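Enquirer: Have a look at this one before I ask anything.
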Amino acid sequence: MEVVLATATYLIAICLVAVCVASSFISFAAYAVSRKKSLLYLGFFALAYGIEQAWILYNEFLTQNLPFDAEWGAMEDPFTHIVLGAAMCQPLWLVILDYTNEKRKRWVYGPIAGFVTVSLFFYFIPGIDNAMRKWLLYSLRQFFWLGASVFFWLKYLGANSPVEKARYRRKVPVVAAFMVLVLLVFLEDAIVMLFVSEPSINNVFVAEFLYRRNVLEMVLSLCVVSYATRSAVRALELKRANAPAATDVRERQIQETAPYFAQRYGLSSREEEVLVLMVEGMDNQRIAQHFQVAIGTVKTHTHHIFKKAGVANRTELVEKFWSKF
């Protein structure tokens, strides 16, 4: 029975690493063609989690066929897990900042600097038993993710325009589900690390599994990786030439994104209409015919759109438009 469980564990771990690495490369590829920064950040999260799981698998491989002789409650390679924890926390935080259009450096770097500082404090401070130290170091991840979620809710509640409210509302179910999973991860860590006693020889395999992994964190991370893969595939589909049935999807996404883009960069209603046609691929002549105005009027509108959005040409405008979707 133990051999079967061990085999199943290794297969699950290997598949998990493979899924994370594959998702990260898909996300990086999607970022390369869409310039959507959230895909880049999600790709780094998937890669960091995959590396952590590969490191855990490596430690298990080194100790196979050996008795479980680690001190119960102690954390293997704590400094490595601090680094990987930071590599998992910062990308998700950057996704939130990108979505909320928060670019101030104190928000970009302040929280992760605090995470690393507090982690090192718990790592070096004497007088804490191993189980408590391990729980504190892992719990910092959950507190960081919860803080990022709270930041999103505050931005949502503080949004003034109906357009901005509607845009945030689209992500409310995702963030709410994320927060629930984070709380469950926190609960599992507390129970396993603080209340599960040292195992007897009869259930040592289960103890080793729980010692190195949080099952619900695996579920949470797979949900994030799945979301990253889905977003990356959608971004790649938008770039695929002559895709059947892709036109309707593209038009719907343009119509959903244009009001937010116009709100963010202060475009007038007519400039928003011109923006939509530009993103759809119309040149100035066709736009002028569509509105039945002089081509010079269209050129004036496009010039104002470029200036307000901070771009130099149509290519940069389209890239910026889709990067905000």
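Ordering of the structure tokens sets the chain letters (A, B, ...); residue numbers start at 1 within each chain; ligands are numbered from 1 in the order shown.
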Could you pull the residues within 10 Å of Ala29 of chain A, counting only C-alpha atoms, minus those fewer than 4 positions along the same chain, as a PDB file with N, CA, C and O atoms, in the first residue's frame?

Expert:
```pdb
ATOM      1  N   SER A  23       2.302  26.065 -18.328  1.00  0.00           N
ATOM      2  CA  SER A  23       1.481  27.262 -18.210  1.00  0.00           C
ATOM      3  C   SER A  23       2.326  28.529 -18.253  1.00  0.00           C
ATOM      4  O   SER A  23       1.936  29.527 -18.872  1.00  0.00           O
ATOM      5  N   SER A  24       3.481  28.489 -17.615  1.00  0.00           N
ATOM      6  CA  SER A  24       4.339  29.677 -17.595  1.00  0.00           C
ATOM      7  C   SER A  24       4.811  30.030 -19.000  1.00  0.00           C
ATOM      8  O   SER A  24       4.798  31.198 -19.395  1.00  0.00           O
ATOM      9  N   PHE A  25       5.189  29.028 -19.781  1.00  0.00           N
ATOM     10  CA  PHE A  25       5.672  29.312 -21.133  1.00  0.00           C
ATOM     11  C   PHE A  25       4.537  29.769 -22.042  1.00  0.00           C
ATOM     12  O   PHE A  25       4.741  30.630 -22.915  1.00  0.00           O
ATOM     13  N   VAL A  33       3.083  38.370 -27.663  1.00  0.00           N
ATOM     14  CA  VAL A  33       2.292  38.828 -28.806  1.00  0.00           C
ATOM     15  C   VAL A  33       1.220  39.845 -28.411  1.00  0.00           C
ATOM     16  O   VAL A  33       0.753  40.604 -29.259  1.00  0.00           O
ATOM     17  N   SER A  34       0.839  39.866 -27.145  1.00  0.00           N
ATOM     18  CA  SER A  34      -0.240  40.778 -26.736  1.00  0.00           C
ATOM     19  C   SER A  34       0.242  41.946 -25.887  1.00  0.00           C
ATOM     20  O   SER A  34      -0.458  42.949 -25.745  1.00  0.00           O
ATOM     21  N   ARG A  35       1.425  41.798 -25.261  1.00  0.00           N
ATOM     22  CA  ARG A  35       1.968  42.811 -24.346  1.00  0.00           C
ATOM     23  C   ARG A  35       1.043  43.056 -23.153  1.00  0.00           C
ATOM     24  O   ARG A  35       1.070  44.146 -22.566  1.00  0.00           O
ATOM     25  N   LEU A  39      -0.309  38.712 -17.998  1.00  0.00           N
ATOM     26  CA  LEU A  39       0.105  37.394 -18.466  1.00  0.00           C
ATOM     27  C   LEU A  39       1.565  37.121 -18.103  1.00  0.00           C
ATOM     28  O   LEU A  39       1.922  35.998 -17.741  1.00  0.00           O
ATOM     29  N   LEU A  40       2.398  38.138 -18.200  1.00  0.00           N
ATOM     30  CA  LEU A  40       3.798  37.997 -17.804  1.00  0.00           C
ATOM     31  C   LEU A  40       3.897  37.674 -16.317  1.00  0.00           C
ATOM     32  O   LEU A  40       4.629  36.752 -15.912  1.00  0.00           O
ATOM     33  N   GLY A  43       2.657  34.211 -15.532  1.00  0.00           N
ATOM     34  CA  GLY A  43       3.654  33.243 -15.970  1.00  0.00           C
ATOM     35  C   GLY A  43       4.764  33.077 -14.948  1.00  0.00           C
ATOM     36  O   GLY A  43       5.208  31.950 -14.675  1.00  0.00           O
ATOM     37  N   ALA A 232      -4.124  33.312 -21.263  1.00  0.00           N
ATOM     38  CA  ALA A 232      -3.095  33.289 -22.303  1.00  0.00           C
ATOM     39  C   ALA A 232      -3.650  32.744 -23.609  1.00  0.00           C
ATOM     40  O   ALA A 232      -3.376  33.281 -24.690  1.00  0.00           O
ATOM     41  N   VAL A 233      -4.439  31.682 -23.522  1.00  0.00           N
ATOM     42  CA  VAL A 233      -5.019  31.095 -24.732  1.00  0.00           C
ATOM     43  C   VAL A 233      -5.964  32.085 -25.408  1.00  0.00           C
ATOM     44  O   VAL A 233      -5.970  32.222 -26.631  1.00  0.00           O
ATOM     45  N   ALA A 235      -5.765  35.328 -25.260  1.00  0.00           N
ATOM     46  CA  ALA A 235      -4.946  36.378 -25.883  1.00  0.00           C
ATOM     47  C   ALA A 235      -4.333  35.889 -27.195  1.00  0.00           C
ATOM     48  O   ALA A 235      -4.264  36.638 -28.177  1.00  0.00           O
ATOM     49  N   LEU A 236      -3.900  34.622 -27.216  1.00  0.00           N
ATOM     50  CA  LEU A 236      -3.325  34.078 -28.442  1.00  0.00           C
ATOM     51  C   LEU A 236      -4.384  33.900 -29.527  1.00  0.00           C
ATOM     52  O   LEU A 236      -4.102  34.108 -30.714  1.00  0.00           O
TER      53      LEU A 236
END
```

Enquirer: Pick out the residues sitting within 12 Å of Phe151 of chain A, and hand them over as a list in words; count only C-alpha atoms, and ignore anything fewer than 6 positions along from it in its own chain.

Expert: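 The contact residues come out as Trp93, Leu94, Val95, Ile96, Leu97, Tyr99, Thr100, Glu102, Trp107, Pro111, Phe144, Trp145, Leu157, Gly158, Val175 and Met179 of chain A.
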
Enquirer: How many Å separate atom CA of Ala309 of chain A from atom CA of Ile254 of chain A?

Expert: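 For atom CA of Ala309 of chain A relative to atom CA of Ile254 of chain A, the distance reads 16.3 Å.
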
Enquirer: Tell me which of A:Arg234, A:Val293, A:Asp189, A:Glu251 sits closest to Tyr31 of chain A, counting only C-alpha atoms.

Expert: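 The shortest atom-to-atom distance to Tyr31 of chain A comes from A:Arg234.
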
Enquirer: Using only C-alpha atoms, which residue out of A:Met278, A:Val180, A:Ala113, A:Ala32 lies closest to Leu317 of chain A?

Expert: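 So, comparing all the options, the nearest one is A:Met278.
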
Enquirer: Would you list the contacts of Lys165 of chain A as a list in words, taking every protein, DNA or RNA residue within 12 Å and counting only C-alpha atoms, but skipping same-chain residues closer than 3 positions in sequence?

Expert: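 With the cut-off at 12 Å, the set is Thr100, Phe152, Trp153, Leu154, Lys155, Tyr156, Leu157, Gly158, Ala159, Asn160, Ser161, Pro162, Tyr168, Arg169, Arg170, Lys171, Val172, Pro259, Tyr260 and Gln263 of chain A.
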
Enquirer: Nearest residue to Asp77 of chain A out of A:Val318, A:Leu137, A:Ile14, A:Leu216, using only C-alpha atoms?

Expert: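 Among A:Val318, A:Leu137, A:Ile14, A:Leu216, it is A:Leu137 that comes nearest to Asp77 of chain A.
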
Enquirer: DSSP on the backbone, alpha helix (DSSP H) only: what residues of segment 69-147 of chain A does that give? Format it as a CSV table (one decimal) with N, CA and C atoms, in the first residue's frame.

Expert:
```csv
chain,number,residue,atom,x,y,z
A,78,PRO,N,14.4,26.6,4.8
A,78,PRO,CA,13.5,27.8,4.9
A,78,PRO,C,13.9,29.0,4.1
A,79,PHE,N,15.2,29.2,3.9
A,79,PHE,CA,15.6,30.4,3.1
A,79,PHE,C,15.1,30.2,1.7
A,80,THR,N,15.2,29.0,1.1
A,80,THR,CA,14.8,28.8,-0.2
A,80,THR,C,13.3,29.0,-0.4
A,81,HIS,N,12.5,28.6,0.6
A,81,HIS,CA,11.1,28.8,0.6
A,81,HIS,C,10.7,30.3,0.8
A,82,ILE,N,11.5,31.0,1.5
A,82,ILE,CA,11.3,32.5,1.6
A,82,ILE,C,11.4,33.1,0.2
A,83,VAL,N,12.5,32.8,-0.5
A,83,VAL,CA,12.8,33.3,-1.8
A,83,VAL,C,11.7,33.0,-2.8
A,84,LEU,N,11.3,31.7,-2.8
A,84,LEU,CA,10.2,31.2,-3.7
A,84,LEU,C,8.9,31.8,-3.3
A,85,GLY,N,8.7,32.0,-2.0
A,85,GLY,CA,7.4,32.6,-1.5
A,85,GLY,C,7.3,34.0,-2.0
A,86,ALA,N,8.4,34.8,-2.0
A,86,ALA,CA,8.4,36.1,-2.5
A,86,ALA,C,8.2,36.1,-4.0
A,87,ALA,N,8.7,35.1,-4.7
A,87,ALA,CA,8.6,35.0,-6.2
A,87,ALA,C,7.1,34.6,-6.5
A,88,MET,N,6.4,34.0,-5.6
A,88,MET,CA,5.0,33.7,-5.8
A,88,MET,C,4.1,34.8,-5.4
A,89,CYS,N,4.4,35.6,-4.4
A,89,CYS,CA,3.6,36.7,-3.9
A,89,CYS,C,3.6,37.9,-4.8
A,90,GLN,N,4.8,38.3,-5.2
A,90,GLN,CA,4.9,39.6,-6.0
A,90,GLN,C,4.2,39.5,-7.3
A,91,PRO,N,4.3,38.4,-8.1
A,91,PRO,CA,3.5,38.4,-9.4
A,91,PRO,C,2.0,38.6,-9.2
A,92,LEU,N,1.4,38.0,-8.2
A,92,LEU,CA,0.0,38.1,-8.0
A,92,LEU,C,-0.3,39.6,-7.6
A,93,TRP,N,0.5,40.2,-6.8
A,93,TRP,CA,0.4,41.5,-6.4
A,93,TRP,C,0.4,42.5,-7.6
A,94,LEU,N,1.4,42.2,-8.5
A,94,LEU,CA,1.5,43.0,-9.7
A,94,LEU,C,0.3,42.9,-10.6
A,95,VAL,N,-0.3,41.7,-10.6
A,95,VAL,CA,-1.5,41.5,-11.4
A,95,VAL,C,-2.6,42.5,-10.9
A,96,ILE,N,-2.8,42.5,-9.5
A,96,ILE,CA,-3.7,43.4,-8.9
A,96,ILE,C,-3.4,44.9,-9.2
A,97,LEU,N,-2.2,45.3,-9.1
A,97,LEU,CA,-1.8,46.7,-9.4
A,97,LEU,C,-2.0,47.0,-10.9
A,98,ASP,N,-1.7,46.1,-11.8
A,98,ASP,CA,-1.9,46.4,-13.2
A,98,ASP,C,-3.4,46.5,-13.5
A,99,TYR,N,-4.2,45.7,-12.8
A,99,TYR,CA,-5.7,45.8,-13.1
A,99,TYR,C,-6.3,47.1,-12.5
A,100,THR,N,-5.7,47.5,-11.4
A,100,THR,CA,-6.3,48.8,-10.7
A,100,THR,C,-5.5,50.0,-11.2
A,105,LYS,N,5.5,53.7,-6.9
A,105,LYS,CA,6.6,52.7,-6.5
A,105,LYS,C,6.4,52.2,-5.1
A,106,ARG,N,5.9,53.0,-4.2
A,106,ARG,CA,5.7,52.5,-2.8
A,106,ARG,C,4.7,51.4,-2.8
A,107,TRP,N,3.8,51.3,-3.7
A,107,TRP,CA,2.8,50.2,-3.7
A,107,TRP,C,3.4,49.0,-4.5
A,108,VAL,N,4.3,49.3,-5.5
A,108,VAL,CA,4.9,48.2,-6.3
A,108,VAL,C,5.9,47.4,-5.4
A,109,TYR,N,6.7,48.2,-4.7
A,109,TYR,CA,7.8,47.5,-4.0
A,109,TYR,C,7.7,47.4,-2.5
A,110,GLY,N,6.8,48.3,-1.9
A,110,GLY,CA,6.7,48.3,-0.4
A,110,GLY,C,6.2,47.0,0.2
A,111,PRO,N,5.1,46.4,-0.3
A,111,PRO,CA,4.6,45.2,0.3
A,111,PRO,C,5.5,44.0,0.2
A,112,ILE,N,6.2,43.8,-0.9
A,112,ILE,CA,7.1,42.7,-1.0
A,112,ILE,C,8.3,42.9,-0.2
A,113,ALA,N,8.8,44.2,0.0
A,113,ALA,CA,9.9,44.5,0.9
A,113,ALA,C,9.5,44.1,2.3
A,114,GLY,N,8.3,44.5,2.7
A,114,GLY,CA,7.8,44.1,4.0
A,114,GLY,C,7.7,42.6,4.2
A,115,PHE,N,7.3,41.9,3.2
A,115,PHE,CA,7.2,40.4,3.2
A,115,PHE,C,8.5,39.8,3.5
A,116,VAL,N,9.5,40.2,2.7
A,116,VAL,CA,10.9,39.7,2.9
A,116,VAL,C,11.5,40.0,4.2
A,117,THR,N,11.3,41.3,4.7
A,117,THR,CA,11.8,41.7,6.0
A,117,THR,C,11.2,40.9,7.1
A,118,VAL,N,9.9,40.8,7.1
A,118,VAL,CA,9.3,40.0,8.2
A,118,VAL,C,9.6,38.5,8.1
A,119,SER,N,9.8,38.0,6.9
A,119,SER,CA,10.2,36.6,6.8
A,119,SER,C,11.6,36.4,7.4
A,120,LEU,N,12.5,37.3,7.1
A,120,LEU,CA,13.8,37.1,7.6
A,120,LEU,C,13.9,37.3,9.1
A,121,PHE,N,13.0,38.2,9.6
A,121,PHE,CA,12.9,38.3,11.1
A,121,PHE,C,12.5,37.0,11.7
A,122,PHE,N,11.4,36.4,11.2
A,122,PHE,CA,11.0,35.1,11.7
A,122,PHE,C,12.0,34.0,11.5
A,123,TYR,N,12.8,34.1,10.5
A,123,TYR,CA,13.8,33.1,10.2
A,123,TYR,C,15.0,33.2,11.2
A,124,PHE,N,15.4,34.4,11.6
A,124,PHE,CA,16.6,34.6,12.4
A,124,PHE,C,16.2,34.7,13.9
A,130,ASN,N,10.3,25.1,16.2
A,130,ASN,CA,10.3,24.9,14.8
A,130,ASN,C,9.0,24.9,14.1
A,131,ALA,N,8.0,24.3,14.8
A,131,ALA,CA,6.6,24.3,14.2
A,131,ALA,C,6.1,25.7,14.1
A,132,MET,N,6.3,26.5,15.1
A,132,MET,CA,5.7,27.9,15.0
A,132,MET,C,6.5,28.7,14.0
A,133,ARG,N,7.8,28.5,13.9
A,133,ARG,CA,8.6,29.3,12.9
A,133,ARG,C,8.1,28.9,11.5
A,134,LYS,N,7.9,27.6,11.2
A,134,LYS,CA,7.4,27.1,9.9
A,134,LYS,C,6.1,27.7,9.6
A,135,TRP,N,5.2,27.7,10.6
A,135,TRP,CA,3.8,28.2,10.4
A,135,TRP,C,3.8,29.7,10.1
A,136,LEU,N,4.6,30.4,10.8
A,136,LEU,CA,4.7,31.9,10.6
A,136,LEU,C,5.3,32.2,9.2
A,137,LEU,N,6.3,31.5,8.8
A,137,LEU,CA,6.9,31.8,7.4
A,137,LEU,C,5.9,31.4,6.3
A,138,TYR,N,5.2,30.3,6.4
A,138,TYR,CA,4.2,30.0,5.4
A,138,TYR,C,3.0,30.9,5.5
A,139,SER,N,2.6,31.3,6.7
A,139,SER,CA,1.4,32.1,6.8
A,139,SER,C,1.5,33.5,6.3
A,140,LEU,N,2.8,33.9,6.2
A,140,LEU,CA,3.0,35.3,5.6
A,140,LEU,C,2.5,35.3,4.1
A,141,ARG,N,2.6,34.2,3.4
A,141,ARG,CA,2.1,34.1,2.1
A,141,ARG,C,0.6,34.4,2.1
A,142,GLN,N,-0.1,33.7,2.9
A,142,GLN,CA,-1.5,33.9,3.0
A,142,GLN,C,-1.9,35.3,3.3
A,143,PHE,N,-1.2,35.9,4.3
A,143,PHE,CA,-1.5,37.3,4.7
A,143,PHE,C,-1.2,38.2,3.5
A,144,PHE,N,-0.2,38.0,2.8
A,144,PHE,CA,0.2,38.8,1.7
A,144,PHE,C,-0.9,38.7,0.6
A,145,TRP,N,-1.4,37.5,0.3
A,145,TRP,CA,-2.4,37.3,-0.7
A,145,TRP,C,-3.7,37.9,-0.3
A,146,LEU,N,-4.1,37.8,1.0
A,146,LEU,CA,-5.3,38.4,1.5
A,146,LEU,C,-5.2,39.9,1.4
A,147,GLY,N,-4.0,40.5,1.8
A,147,GLY,CA,-3.8,41.9,1.7
A,147,GLY,C,-4.0,42.4,0.2
```

Enquirer: Kindly indicate which residue among A:Ala288, A:Ile51, A:Lys36, A:Ile295 lies nearest to Phe321 of chain A, using only C-alpha atoms for the distances.

Expert: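 Distance minimum relative to Phe321 of chain A lands on A:Lys36.
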
Enquirer: One number please: atom CA of Tyr49 of chain A to atom CA of Val185 of chain A, in Å, one decimal.

Expert: 15.0 Å

Enquirer: Using only C-alpha atoms, which of A:Leu194, A:Val298, A:Ala258, A:Leu183 sits nearest Val279 of chain A?

Expert: A:Ala258

Enquirer: Kindly indicate which residue among A:Ala177, A:Leu11, A:His290, A:Val150 lies nearest to Leu277 of chain A, using only C-alpha atoms for the distances.

Expert: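 Result for the nearest residue to Leu277 of chain A: A:His290.
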
Enquirer: Report as an MDAnalysis selection string all protein, DNA and RNA residues lying within 8 Å of Leu57 of chain A, evaluated on only C-alpha atoms, omitting residues in the same chain fewer than 2 positions from it.

Expert: chainID A and resid 10 13:14 53:55 59:61

Enquirer: What's around Glu188 of chain A at 9 Å? Count only C-alpha atoms, leave out sequence neighbours fewer than 4 positions away in its own chain, and write the answer as a compact mmCIF listing (two decimals) with N, CA and C atoms, in the first residue's frame.

Expert:
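This went into out_26.txt:
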```
# COMPACT_ATOMS: atom_id res chain seq x y z
N LEU A 183 -7.98 31.51 2.67
CA LEU A 183 -8.38 31.27 4.06
C LEU A 183 -8.34 29.78 4.38
N LEU A 184 -8.74 28.94 3.45
CA LEU A 184 -8.69 27.49 3.66
C LEU A 184 -7.24 27.00 3.75
N VAL A 192 -2.21 21.48 10.52
CA VAL A 192 -1.15 20.51 10.29
C VAL A 192 0.13 20.89 11.03
N MET A 193 0.49 22.17 10.99
CA MET A 193 1.78 22.58 11.54
C MET A 193 1.76 22.78 13.05
N ASN A 214 1.07 21.59 1.33
CA ASN A 214 -0.26 22.01 1.74
C ASN A 214 -1.19 21.68 0.57
N VAL A 215 -2.10 20.75 0.81
CA VAL A 215 -2.95 20.26 -0.28
C VAL A 215 -3.80 21.39 -0.86
N LEU A 216 -4.36 22.21 0.00
CA LEU A 216 -5.22 23.28 -0.48
C LEU A 216 -4.42 24.38 -1.18
N GLU A 217 -3.15 24.56 -0.80
CA GLU A 217 -2.31 25.50 -1.56
C GLU A 217 -2.07 24.97 -2.96
```
